[in-house]
Each structure stands twice: as C-alpha cells, then as structure tokens.
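Enquirer: Dropping in final-v2.cif, with mmCIF, C-alpha atoms.
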```cif
data_input
loop_
_atom_site.group_PDB
_atom_site.id
_atom_site.type_symbol
_atom_site.label_atom_id
_atom_site.label_comp_id
_atom_site.auth_asym_id
_atom_site.auth_seq_id
_atom_site.Cartn_x
_atom_site.Cartn_y
_atom_site.Cartn_z
ATOM 1 C CA MET A 1 -6.506 -24.333 -3.734
ATOM 2 C CA LYS A 2 -9.037 -22.008 -2.145
ATOM 3 C CA SER A 3 -8.776 -18.255 -2.174
ATOM 4 C CA ALA A 4 -10.718 -15.217 -0.994
ATOM 5 C CA VAL A 5 -10.847 -11.657 -2.305
ATOM 6 C CA VAL A 6 -11.458 -8.718 0.030
ATOM 7 C CA LEU A 7 -14.048 -6.229 -1.240
ATOM 8 C CA LEU A 8 -14.159 -2.623 -0.107
ATOM 9 C CA PRO A 9 -16.051 0.370 -1.495
ATOM 10 C CA GLY A 10 -13.949 2.141 -4.098
ATOM 11 C CA LEU A 11 -11.847 -0.818 -5.204
ATOM 12 C CA ASN A 12 -12.037 -1.267 -8.972
ATOM 13 C CA ARG A 13 -9.637 -4.115 -9.750
ATOM 14 C CA ASP A 14 -11.594 -6.709 -7.791
ATOM 15 C CA ARG A 15 -13.066 -8.332 -10.897
ATOM 16 C CA ASP A 16 -9.612 -8.607 -12.470
ATOM 17 C CA MET A 17 -8.315 -10.312 -9.335
ATOM 18 C CA ILE A 18 -11.303 -12.667 -9.161
ATOM 19 C CA ALA A 19 -10.874 -13.558 -12.844
ATOM 20 C CA ALA A 20 -7.153 -14.217 -12.434
ATOM 21 C CA LEU A 21 -7.603 -16.400 -9.355
ATOM 22 C CA THR A 22 -10.458 -18.307 -10.983
ATOM 23 C CA LYS A 23 -8.446 -18.989 -14.134
ATOM 24 C CA ILE A 24 -5.290 -19.982 -12.305
ATOM 25 C CA SER A 25 -6.699 -21.954 -9.371
ATOM 26 C CA GLY A 26 -9.623 -23.471 -11.273
ATOM 27 C CA GLN A 27 -12.195 -22.261 -8.768
ATOM 28 C CA ALA A 28 -13.812 -18.926 -8.050
ATOM 29 C CA PRO A 29 -12.528 -17.204 -4.907
ATOM 30 C CA ALA A 30 -14.833 -16.476 -1.996
ATOM 31 C CA THR A 31 -15.508 -12.780 -1.492
ATOM 32 C CA VAL A 32 -15.476 -11.013 1.859
ATOM 33 C CA TRP A 33 -16.957 -7.578 2.502
ATOM 34 C CA GLN A 34 -15.463 -4.764 4.585
ATOM 35 C CA THR A 35 -17.752 -5.435 7.551
ATOM 36 C CA ASP A 36 -17.130 -9.192 7.647
ATOM 37 C CA THR A 37 -15.341 -10.258 10.788
ATOM 38 C CA GLU A 38 -14.550 -13.765 9.590
ATOM 39 C CA ILE A 39 -12.859 -15.069 6.505
ATOM 40 C CA PRO A 40 -13.533 -18.639 5.353
ATOM 41 C CA ASP A 41 -10.760 -21.243 5.453
ATOM 42 C CA VAL A 42 -8.664 -20.431 2.413
ATOM 43 C CA ASP A 43 -5.046 -20.793 1.339
ATOM 44 C CA LEU A 44 -4.748 -17.295 -0.081
ATOM 45 C CA ILE A 45 -6.372 -13.922 0.616
ATOM 46 C CA ALA A 46 -6.046 -11.201 -2.036
ATOM 47 C CA ILE A 47 -6.663 -7.482 -1.560
ATOM 48 C CA PRO A 48 -7.175 -5.924 -5.004
ATOM 49 C CA GLY A 49 -6.358 -2.492 -6.327
ATOM 50 C CA GLY A 50 -8.494 0.593 -6.679
ATOM 51 C CA PHE A 51 -9.284 3.638 -4.604
ATOM 52 C CA SER A 52 -10.875 2.347 -1.410
ATOM 53 C CA PHE A 53 -12.841 5.081 0.370
ATOM 54 C CA GLY A 54 -11.815 7.516 -2.351
ATOM 55 C CA ASP A 55 -8.218 7.569 -1.080
ATOM 56 C CA TYR A 56 -9.487 9.931 1.641
ATOM 57 C CA LEU A 57 -7.044 10.841 4.434
ATOM 58 C CA ARG A 58 -4.251 8.641 2.996
ATOM 59 C CA CYS A 59 -4.458 5.851 0.424
ATOM 60 C CA GLY A 60 -5.641 2.712 2.206
ATOM 61 C CA ALA A 61 -5.900 4.408 5.617
ATOM 62 C CA ILE A 62 -9.649 4.021 6.124
ATOM 63 C CA ALA A 63 -9.796 0.541 4.586
ATOM 64 C CA ALA A 64 -7.030 -0.631 6.908
ATOM 65 C CA ARG A 65 -9.255 0.153 9.923
ATOM 66 C CA MET A 66 -12.287 -1.806 8.670
ATOM 67 C CA PRO A 67 -13.348 -4.983 10.535
ATOM 68 C CA VAL A 68 -12.354 -7.252 7.648
ATOM 69 C CA MET A 69 -8.742 -6.158 8.011
ATOM 70 C CA ARG A 70 -8.639 -7.402 11.591
ATOM 71 C CA ALA A 71 -9.736 -10.768 10.208
ATOM 72 C CA VAL A 72 -7.013 -10.569 7.539
ATOM 73 C CA ALA A 73 -4.422 -9.799 10.237
ATOM 74 C CA GLU A 74 -5.557 -12.826 12.266
ATOM 75 C CA LYS A 75 -5.294 -15.091 9.224
ATOM 76 C CA ALA A 76 -1.890 -13.672 8.322
ATOM 77 C CA ALA A 77 -0.668 -14.329 11.864
ATOM 78 C CA LYS A 78 -1.763 -17.959 11.429
ATOM 79 C CA GLY A 79 0.349 -18.206 8.283
ATOM 80 C CA VAL A 80 -2.301 -17.803 5.585
ATOM 81 C CA THR A 81 -0.877 -16.314 2.386
ATOM 82 C CA VAL A 82 -1.904 -12.704 1.741
ATOM 83 C CA ILE A 83 -1.325 -10.663 -1.432
ATOM 84 C CA GLY A 84 -2.098 -6.946 -1.668
ATOM 85 C CA VAL A 85 -1.862 -5.346 -5.092
ATOM 86 C CA CYS A 86 -1.664 -1.578 -5.597
ATOM 87 C CA ASN A 87 -4.312 -0.165 -3.222
ATOM 88 C CA GLY A 88 -4.119 -3.570 -1.534
ATOM 89 C CA PHE A 89 -0.404 -2.917 -0.859
ATOM 90 C CA GLN A 90 -1.258 0.531 0.527
ATOM 91 C CA ILE A 91 -3.902 -1.055 2.774
ATOM 92 C CA LEU A 92 -1.448 -3.702 4.082
ATOM 93 C CA VAL A 93 1.089 -0.994 4.897
ATOM 94 C CA GLU A 94 -1.529 1.173 6.622
ATOM 95 C CA ALA A 95 -2.731 -1.878 8.566
ATOM 96 C CA GLY A 96 0.798 -2.466 9.830
ATOM 97 C CA LEU A 97 1.028 -5.880 8.150
ATOM 98 C CA LEU A 98 3.939 -4.607 6.065
ATOM 99 C CA PRO A 99 6.531 -1.985 7.042
ATOM 100 C CA GLY A 100 7.070 1.435 5.456
ATOM 101 C CA ALA A 101 4.701 3.782 3.662
ATOM 102 C CA LEU A 102 3.555 4.529 0.123
ATOM 103 C CA MET A 103 3.717 8.195 -0.769
ATOM 104 C CA ARG A 104 2.673 10.400 -3.676
ATOM 105 C CA ASN A 105 4.640 9.591 -6.868
ATOM 106 C CA ALA A 106 7.729 11.783 -7.111
ATOM 107 C CA SER A 107 6.485 13.078 -10.485
ATOM 108 C CA LEU A 108 3.135 14.015 -8.846
ATOM 109 C CA LYS A 109 1.534 12.307 -11.844
ATOM 110 C CA PHE A 110 -0.707 9.274 -12.017
ATOM 111 C CA VAL A 111 1.250 6.638 -13.942
ATOM 112 C CA CYS A 112 -0.447 4.009 -16.109
ATOM 113 C CA ARG A 113 2.041 2.068 -18.174
ATOM 114 C CA GLN A 114 4.063 -1.114 -18.396
ATOM 115 C CA VAL A 115 7.225 -1.442 -16.317
ATOM 116 C CA LYS A 116 9.975 -4.040 -15.975
ATOM 117 C CA LEU A 117 10.342 -5.889 -12.697
ATOM 118 C CA GLU A 118 13.397 -7.717 -11.472
ATOM 119 C CA ILE A 119 12.812 -10.738 -9.253
ATOM 120 C CA ALA A 120 14.960 -9.490 -6.361
ATOM 121 C CA ASN A 121 14.361 -12.651 -4.318
ATOM 122 C CA ALA A 122 13.252 -15.840 -6.096
ATOM 123 C CA ASN A 123 13.319 -17.767 -2.844
ATOM 124 C CA THR A 124 9.896 -16.718 -1.562
ATOM 125 C CA MET A 125 6.536 -18.466 -1.761
ATOM 126 C CA PHE A 126 5.465 -15.816 -4.254
ATOM 127 C CA THR A 127 8.437 -15.951 -6.606
ATOM 128 C CA ARG A 128 9.616 -19.578 -6.629
ATOM 129 C CA GLY A 129 8.158 -19.895 -10.135
ATOM 130 C CA TYR A 130 10.639 -17.305 -11.409
ATOM 131 C CA GLN A 131 14.418 -17.371 -11.845
ATOM 132 C CA PRO A 132 16.633 -15.232 -9.563
ATOM 133 C CA GLY A 133 17.254 -11.896 -11.264
ATOM 134 C CA GLN A 134 14.693 -12.630 -13.971
ATOM 135 C CA VAL A 135 13.118 -9.515 -15.460
ATOM 136 C CA ILE A 136 9.394 -9.658 -16.141
ATOM 137 C CA ARG A 137 6.888 -7.122 -17.449
ATOM 138 C CA SER A 138 3.957 -5.791 -15.473
ATOM 139 C CA PRO A 139 1.420 -3.005 -15.794
ATOM 140 C CA VAL A 140 1.278 -0.285 -13.138
ATOM 141 C CA ALA A 141 -1.505 2.237 -12.529
ATOM 142 C CA HIS A 142 -1.199 4.432 -9.454
ATOM 143 C CA HIS A 143 -0.709 7.896 -8.012
ATOM 144 C CA ASP A 144 0.838 6.903 -4.689
ATOM 145 C CA GLY A 145 3.361 4.132 -5.178
ATOM 146 C CA ASN A 146 6.471 5.860 -3.934
ATOM 147 C CA TYR A 147 7.704 3.389 -1.327
ATOM 148 C CA PHE A 148 9.433 4.878 1.686
ATOM 149 C CA ALA A 149 10.923 3.352 4.818
ATOM 150 C CA ASP A 150 13.366 4.740 7.360
ATOM 151 C CA ALA A 151 17.015 3.738 7.015
ATOM 152 C CA GLU A 152 16.845 1.058 9.693
ATOM 153 C CA THR A 153 13.740 -0.599 8.209
ATOM 154 C CA LEU A 154 15.193 -0.399 4.732
ATOM 155 C CA ALA A 155 18.430 -2.053 5.845
ATOM 156 C CA ARG A 156 16.420 -4.848 7.458
ATOM 157 C CA LEU A 157 14.249 -5.368 4.364
ATOM 158 C CA GLU A 158 17.293 -5.493 2.109
ATOM 159 C CA GLY A 159 19.321 -7.640 4.497
ATOM 160 C CA GLU A 160 16.574 -10.222 5.041
ATOM 161 C CA GLY A 161 15.638 -10.569 1.379
ATOM 162 C CA GLN A 162 12.224 -9.002 1.957
ATOM 163 C CA VAL A 163 12.511 -6.863 -1.162
ATOM 164 C CA VAL A 164 10.938 -9.225 -3.684
ATOM 165 C CA PHE A 165 10.267 -7.081 -6.759
ATOM 166 C CA ARG A 166 12.338 -4.140 -7.949
ATOM 167 C CA TYR A 167 11.671 -1.803 -10.884
ATOM 168 C CA ALA A 168 14.283 -2.704 -13.491
ATOM 169 C CA GLU A 169 15.894 -1.080 -16.513
ATOM 170 C CA ASN A 170 15.158 2.498 -15.387
ATOM 171 C CA THR A 171 11.402 1.953 -15.325
ATOM 172 C CA ASN A 172 10.855 3.124 -11.717
ATOM 173 C CA PRO A 173 7.576 5.004 -12.261
ATOM 174 C CA ASN A 174 7.211 6.675 -8.868
ATOM 175 C CA GLY A 175 10.544 7.483 -7.208
ATOM 176 C CA SER A 176 10.334 4.482 -4.885
ATOM 177 C CA ILE A 177 13.384 4.148 -2.635
ATOM 178 C CA ASN A 178 15.860 1.472 -3.882
ATOM 179 C CA ASP A 179 13.458 0.924 -6.830
ATOM 180 C CA ILE A 180 11.254 -1.152 -4.512
ATOM 181 C CA ALA A 181 8.088 -2.443 -6.206
ATOM 182 C CA GLY A 182 7.092 -5.209 -3.792
ATOM 183 C CA ILE A 183 8.018 -6.510 -0.347
ATOM 184 C CA VAL A 184 7.141 -9.390 1.971
ATOM 185 C CA ASN A 185 6.744 -9.377 5.749
ATOM 186 C CA ASP A 186 9.381 -10.994 7.967
ATOM 187 C CA LYS A 187 7.495 -14.315 8.011
ATOM 188 C CA GLY A 188 7.322 -14.266 4.220
ATOM 189 C CA ASN A 189 3.581 -14.985 3.912
ATOM 190 C CA VAL A 190 2.338 -11.432 3.227
ATOM 191 C CA LEU A 191 3.247 -9.751 -0.068
ATOM 192 C CA GLY A 192 2.474 -6.208 -1.143
ATOM 193 C CA LEU A 193 3.293 -4.844 -4.581
ATOM 194 C CA MET A 194 2.278 -1.799 -6.608
ATOM 195 C CA PRO A 195 2.278 -3.467 -10.082
ATOM 196 C CA HIS A 196 -0.702 -5.481 -11.315
ATOM 197 C CA PRO A 197 0.438 -9.049 -12.089
ATOM 198 C CA GLU A 198 -3.234 -10.090 -12.321
ATOM 199 C CA ASN A 199 -3.450 -8.078 -15.527
ATOM 200 C CA LEU A 200 -0.790 -10.110 -17.315
ATOM 201 C CA ILE A 201 -1.776 -13.748 -16.934
ATOM 202 C CA GLU A 202 -2.963 -14.861 -20.383
ATOM 203 C CA ALA A 203 -2.294 -14.340 -24.065
ATOM 204 C CA ALA A 204 -5.215 -11.937 -24.393
ATOM 205 C CA HIS A 205 -3.405 -9.642 -21.942
ATOM 206 C CA GLY A 206 -0.347 -9.642 -24.184
ATOM 207 C CA GLY A 207 1.646 -12.003 -21.988
ATOM 208 C CA GLU A 208 1.673 -14.290 -18.982
ATOM 209 C CA ASP A 209 4.463 -12.720 -16.926
ATOM 210 C CA GLY A 210 2.283 -12.376 -13.828
ATOM 211 C CA ARG A 211 0.942 -15.907 -13.877
ATOM 212 C CA ALA A 212 3.840 -17.563 -12.029
ATOM 213 C CA LEU A 213 3.314 -15.281 -9.048
ATOM 214 C CA PHE A 214 -0.175 -16.646 -8.435
ATOM 215 C CA GLN A 215 0.885 -20.204 -9.289
ATOM 216 C CA SER A 216 3.709 -19.934 -6.768
ATOM 217 C CA ALA A 217 1.475 -18.480 -4.067
ATOM 218 C CA LEU A 218 -1.195 -21.117 -4.676
ATOM 219 C CA GLY A 219 1.325 -23.948 -4.827
ATOM 220 C CA ILE A 220 0.294 -24.842 -8.374
ATOM 221 C CA ALA A 221 2.974 -26.222 -10.684
ATOM 222 C CA ALA A 222 3.542 -24.166 -13.816
ATOM 223 C CA MET B 1 -14.355 21.599 23.299
ATOM 224 C CA LYS B 2 -12.647 22.306 20.023
ATOM 225 C CA ALA B 3 -9.311 20.887 19.051
ATOM 226 C CA ARG B 4 -6.966 21.319 16.148
ATOM 227 C CA ILE B 5 -4.607 18.585 15.016
ATOM 228 C CA THR B 6 -1.767 19.440 12.687
ATOM 229 C CA VAL B 7 -0.083 16.631 10.790
ATOM 230 C CA THR B 8 3.239 17.320 9.082
ATOM 231 C CA LEU B 9 5.771 15.207 7.244
ATOM 232 C CA LYS B 10 8.812 14.166 9.241
ATOM 233 C CA ASN B 11 12.149 15.690 8.353
ATOM 234 C CA GLY B 12 13.933 13.706 5.703
ATOM 235 C CA VAL B 13 10.718 12.457 4.079
ATOM 236 C CA LEU B 14 10.535 13.631 0.497
ATOM 237 C CA ASP B 15 7.561 15.951 -0.146
ATOM 238 C CA PRO B 16 7.049 16.291 -3.902
ATOM 239 C CA GLN B 17 3.834 18.275 -3.391
ATOM 240 C CA GLY B 18 5.607 20.793 -1.157
ATOM 241 C CA LYS B 19 8.324 21.057 -3.789
ATOM 242 C CA ALA B 20 5.772 21.777 -6.536
ATOM 243 C CA ILE B 21 4.131 24.463 -4.369
ATOM 244 C CA GLU B 22 7.537 25.990 -3.663
ATOM 245 C CA HIS B 23 8.200 26.289 -7.413
ATOM 246 C CA ALA B 24 4.717 27.702 -8.044
ATOM 247 C CA LEU B 25 5.248 30.401 -5.396
ATOM 248 C CA SER B 26 8.553 31.369 -6.967
ATOM 249 C CA GLY B 27 6.807 31.421 -10.350
ATOM 250 C CA LEU B 28 4.274 33.925 -8.968
ATOM 251 C CA GLY B 29 7.132 36.246 -8.208
ATOM 252 C CA PHE B 30 7.420 35.699 -4.441
ATOM 253 C CA ASP B 31 11.110 36.104 -3.816
ATOM 254 C CA GLY B 32 12.942 34.414 -1.030
ATOM 255 C CA VAL B 33 10.627 31.428 -0.626
ATOM 256 C CA GLY B 34 12.641 28.637 0.991
ATOM 257 C CA GLN B 35 11.524 25.084 1.509
ATOM 258 C CA VAL B 36 7.744 24.430 1.520
ATOM 259 C CA ARG B 37 6.314 21.364 3.277
ATOM 260 C CA GLN B 38 2.651 20.451 2.902
ATOM 261 C CA GLY B 39 0.644 19.119 5.839
ATOM 262 C CA LYS B 40 -2.919 18.557 7.031
ATOM 263 C CA VAL B 41 -5.133 20.221 9.622
ATOM 264 C CA PHE B 42 -8.069 18.532 11.372
ATOM 265 C CA ASP B 43 -10.559 20.617 13.409
ATOM 266 C CA ILE B 44 -12.357 18.300 15.771
ATOM 267 C CA GLU B 45 -15.265 19.041 18.087
ATOM 268 C CA LEU B 46 -15.381 17.017 21.276
ATOM 269 C CA ALA B 47 -18.068 16.512 23.890
ATOM 270 C CA GLY B 48 -16.992 16.729 27.528
ATOM 271 C CA THR B 49 -14.868 19.203 29.468
ATOM 272 C CA ASP B 50 -11.981 17.056 30.711
ATOM 273 C CA LYS B 51 -8.999 18.532 28.916
ATOM 274 C CA ALA B 52 -6.535 15.837 29.970
ATOM 275 C CA LYS B 53 -8.833 13.069 28.718
ATOM 276 C CA ALA B 54 -9.424 14.975 25.487
ATOM 277 C CA GLU B 55 -5.708 15.312 24.917
ATOM 278 C CA ALA B 56 -5.143 11.603 25.512
ATOM 279 C CA ASP B 57 -8.027 10.742 23.160
ATOM 280 C CA LEU B 58 -6.757 13.082 20.453
ATOM 281 C CA LYS B 59 -3.284 11.583 20.641
ATOM 282 C CA ALA B 60 -4.782 8.101 20.340
ATOM 283 C CA MET B 61 -6.773 9.270 17.295
ATOM 284 C CA CYS B 62 -3.557 10.477 15.706
ATOM 285 C CA ASP B 63 -1.710 7.246 16.431
ATOM 286 C CA LYS B 64 -4.571 5.053 15.242
ATOM 287 C CA LEU B 65 -5.798 6.948 12.194
ATOM 288 C CA LEU B 66 -5.106 10.613 11.584
ATOM 289 C CA ALA B 67 -1.347 10.376 11.179
ATOM 290 C CA ASN B 68 0.874 7.727 9.663
ATOM 291 C CA THR B 69 3.682 7.852 12.191
ATOM 292 C CA VAL B 70 6.056 6.119 9.761
ATOM 293 C CA ILE B 71 6.227 9.368 7.792
ATOM 294 C CA GLU B 72 4.297 11.986 9.768
ATOM 295 C CA ASN B 73 4.455 13.933 13.033
ATOM 296 C CA TYR B 74 1.420 15.436 14.719
ATOM 297 C CA ALA B 75 0.651 18.236 17.150
ATOM 298 C CA VAL B 76 -2.515 18.560 19.236
ATOM 299 C CA GLU B 77 -3.937 21.917 20.380
ATOM 300 C CA ILE B 78 -7.078 22.277 22.478
ATOM 301 C CA ALA B 79 -8.836 25.658 22.284
#
```
What is this file in structure tokens?
Expert:
Amino acid sequence: MKSAVVLLPGLNRDRDMIAALTKISGQAPATVWQTDTEIPDVDLIAIPGGFSFGDYLRCGAIAARMPVMRAVAEKAAKGVTVIGVCNGFQILVEAGLLPGALMRNASLKFVCRQVKLEIANANTMFTRGYQPGQVIRSPVAHHDGNYFADAETLARLEGEGQVVFRYAENTNPNGSINDIAGIVNDKGNVLGLMPHPENLIEAAHGGEDGRALFQSALGIAA
Amino acid sequence: MKARITVTLKNGVLDPQGKAIEHALSGLGFDGVGQVRQGKVFDIELAGTDKAKAEADLKAMCDKLLANTVIENYAVEIA
C-alpha cells in the first residue's frame, strides 16, 4: 500500500510518521512539499505533527492555505484516506476538511504525557483493527488540542459516529468537549486526532497500541 | 488606506487565556474586574482609494485567513 507524507516548515514529527508508515506498510512513503500542487497516486496521505509556520496566527492556519493542501482536499474528495495527527489535525480543521476548531488547552499548559483513548467507533476504516470500546494508550504532546464545535455540529458528530477516539479514564489533557480526541469527516475517509499513534507502534516504543490504526487505514491485516 | 481588523472570540467559546488574565488583574489589586476576553488586532495598509472595495477585500481576508469563523467574530474599520 502506497502512502505520502506532507512536509511543511515547522513540522517536527515527520520523521516519526515516515518511520511508522515504512515499518507498517513495508515501503517508504512519498513526501510532498508545501508548494507541491500534485500528490502522487497513493492510498493514504498523512499530515504529521509539529508547529507548522511557528503556530503563527492560529495553529495550522497558514499551513492550511498552502498549495499542497488544495491537492490534499482534491484527493480527499476522491476518497483517498487522509490522517492528520496533532498539528496535522489542526491543519485539517483549518482547511475545512474536518469540522470544529482546536483551541488552547484549558490548563494553558503544553501537555506531553501518555493518555488513554477509548475507541468510540470501531466501525471506521481507521479503527476496524480495534474492538468497540477498547481502551488503548497513546502519547500526546500539544498546547492547542482543546476540541470545540458548536452544539449543532457536535450533535451531528456524535449522532453519526464521527467521534472516533475519546480520552478515557479521566485522562483528557486539554479540556476537549465531550473528551473528543479524534474525529472523521462525514464520508469517513479523513481522520484527525491530537494523540500520536505513530509513536507507539513497536516494542521499542513501549507498546504497539497505535499500530492497528495504521494497519486498518492501509488495509493491512494485523 | 489604513485598516484595523479586530478578531474576538464568539460568545460561549471558552477563553482560558482571558480567564488567566482576569485572575492576574485581580491579583494586581484591580477591583471590580469582570470577564476578560482576549482577541487579536491586525493593522493593514492597503493601496488604492476605493473604500467599498477595500472593505469587501478586508472581509474576504477575514473569512479566508485572519479569523476562524467557527470560533471567532471580526470587525473591520477603515481609517
């Protein structure tokens, strides 16, 4: 299965994402730069974490307006799988590919720790490798992960099963509404999440809890 | 032409930074400080003299980049 990783100035988790995709899919992902207007034919596009454009204006705001994001939007509209992690989630929200907004953590503090995630919907292309309600571990590292959506949007997300990951066991690190950690778009092919599943895919990481997410998205049997 | 754009959080959107500032002001001994909401100001210089076009452009800038209308309102003033 072929994948591509979007590169933008200020991202710093790109190598982690490339390593995870290489190890799980068996081949190195293509990389696309911010000014690229075309993305090669791939099954999955990943937008890694970091601090694109120094988080100026709003996290992800400048990145979301770069040419490469128009190409990502075109691919997403054609049904290509897209995953945005951390800053990648913020970029997808700013680009309008996912609803809502990610605001400053309620504590005002940068959080870097491990949290528990409940699989809120195991019937998505990203979570079919997990059991419904299963609780997994994942690292988080962010300052602006406080998910917000207006009441109407929130009701739709909850009603349509678009909330995919929820902070579990009182580990919500950022004040996110309804403990939301990750959501999918209405078509179900675009996922954004604040936690870093790419940092928990092999024994050397201390566990493989994040591995099934990428296997599911890539259509690789566990 | 010079313009000023003010971006503020919508009512009902939690503003933890505003809250922290509110507490800090109280801590400095300013009595009677009510709710504080933090926003952003952009001073923008524009070529041209057509005020109506400038206003339309500035609003488009807000919608496309300067404000996140999911959580923020904006106001445009032209000097």
Enquirer: Can you check which residues of chain A have any atom within 8 Å of chain B? Use all atoms listed in the file and format it as a list in words.
Expert: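 Putting it all together, I get Leu57, Ala61, Ile62, Arg65, Glu94, Gly100, Ala101, Arg104, Asn105, Ala106, Ser107, Leu108, Ala149 and Asp150 of chain A.
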Enquirer: For C-alpha atoms, I'd like the residues from the last selection saved as a CSV table (one decimal), in the frame of the given file.
Expert:
```csv
chain,number,residue,atom,x,y,z
A,57,LEU,CA,-7.0,10.8,4.4
A,61,ALA,CA,-5.9,4.4,5.6
A,62,ILE,CA,-9.6,4.0,6.1
A,65,ARG,CA,-9.3,0.2,9.9
A,94,GLU,CA,-1.5,1.2,6.6
A,100,GLY,CA,7.1,1.4,5.5
A,101,ALA,CA,4.7,3.8,3.7
A,104,ARG,CA,2.7,10.4,-3.7
A,105,ASN,CA,4.6,9.6,-6.9
A,106,ALA,CA,7.7,11.8,-7.1
A,107,SER,CA,6.5,13.1,-10.5
A,108,LEU,CA,3.1,14.0,-8.8
A,149,ALA,CA,10.9,3.4,4.8
A,150,ASP,CA,13.4,4.7,7.4
```
Enquirer: Go through B:Ala79, B:Ile21, B:Ala3, B:Leu28 one by one, measure the shortest atom-to-atom distance of each to Phe42 in chain B using all atoms listed in the file, and give the residue with the smallest value.
Expert: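 Of all the options, B:Ala3 lies closest to Phe42 in chain B.
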Enquirer: Since I can't run it myself right now, could you work out what the PyMOL selection byres ((chain A and resi 133) around 7) selects here and report it as a JSON list (two decimals) with C-alpha atoms, in the coordinates of the input?
Expert:
```json
[["chain", "number", "residue", "atom", "x", "y", "z"],
["A", 118, "GLU", "CA", 13.40, -7.72, -11.47],
["A", 119, "ILE", "CA", 12.81, -10.74, -9.25],
["A", 120, "ALA", "CA", 14.96, -9.49, -6.36],
["A", 131, "GLN", "CA", 14.42, -17.37, -11.84],
["A", 132, "PRO", "CA", 16.63, -15.23, -9.56],
["A", 134, "GLN", "CA", 14.69, -12.63, -13.97],
["A", 135, "VAL", "CA", 13.12, -9.52, -15.46]]
```
Enquirer: Name every residue that the PyMOL selection byres ((chain B and resi 55) around 12) selects in this structure, writing the answer as a PyMOL selection string with chains first and numbers rising.
Expert: chain B and resi 1-5+44+46+48-54+56-62+75-79
Enquirer: Please compute the CA of Met69 in chain A-CA of Arg211 in chain A distance, one decimal, in Å.
Expert: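 If I compute the distance from CA of Met69 in chain A to CA of Arg211 in chain A, I get 25.8 Å.
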Enquirer: Written as a VMD selection string, which residues does the PyMOL selection byres ((chain B and resi 34) around 12) give for the file shown?
Expert: chain B and resid 18 to 19 21 to 23 25 to 26 30 to 33 35 to 37
Enquirer: Would you mind reading off the distance between CA of Asp43 in chain A and CA of Leu21 in chain A, one decimal, in Å?
Expert: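 Computed distance, CA of Asp43 in chain A to CA of Leu21 in chain A, equals 11.8 Å.
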Enquirer: Enter the distance from CA of Val190 in chain A to CA of Gly84 in chain A, in Å, rounded to one decimal.
Expert: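 If I compute the distance from CA of Val190 in chain A to CA of Gly84 in chain A, I get 8.0 Å.
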Enquirer: What residues have an atom no more than 7 Å from (0.2, 21.1, 10.2) in the file's own frame, counting only C-alpha atoms, and can you write them as a ChimeraX atom specification?
Expert: /B:6-8,39-41
Enquirer: Could you pull the residues within 12 Å of Ala64 in chain A, counting all atoms listed in the file, minus those fewer than 4 positions along the same chain, as a PyMOL selection string?
Expert: (chain A and resi 6+8+34-35+47+52-53+55+57-60+68-73+84+87-98) or (chain B and resi 64-65+68)
Enquirer: At a cut-off of 8 Å, using all atoms listed in the file, what residues contact Tyr167 in chain A? Leave out same-chain residues fewer than 2 positions from it and give the result as JSON, numbers by chain.
Expert: {"A": [115, 116, 117, 118, 165, 169, 170, 171, 172, 179, 180, 181]}
Enquirer: Determine, counting all atoms listed in the file, which protein, DNA and RNA residues have an atom within 12 Å of an atom of Ala221 in chain A; residues of the same chain fewer than 6 positions away are not included. Present the result as a PyMOL selection string.
Expert: chain A and resi 1+24-25+128-130+211-215
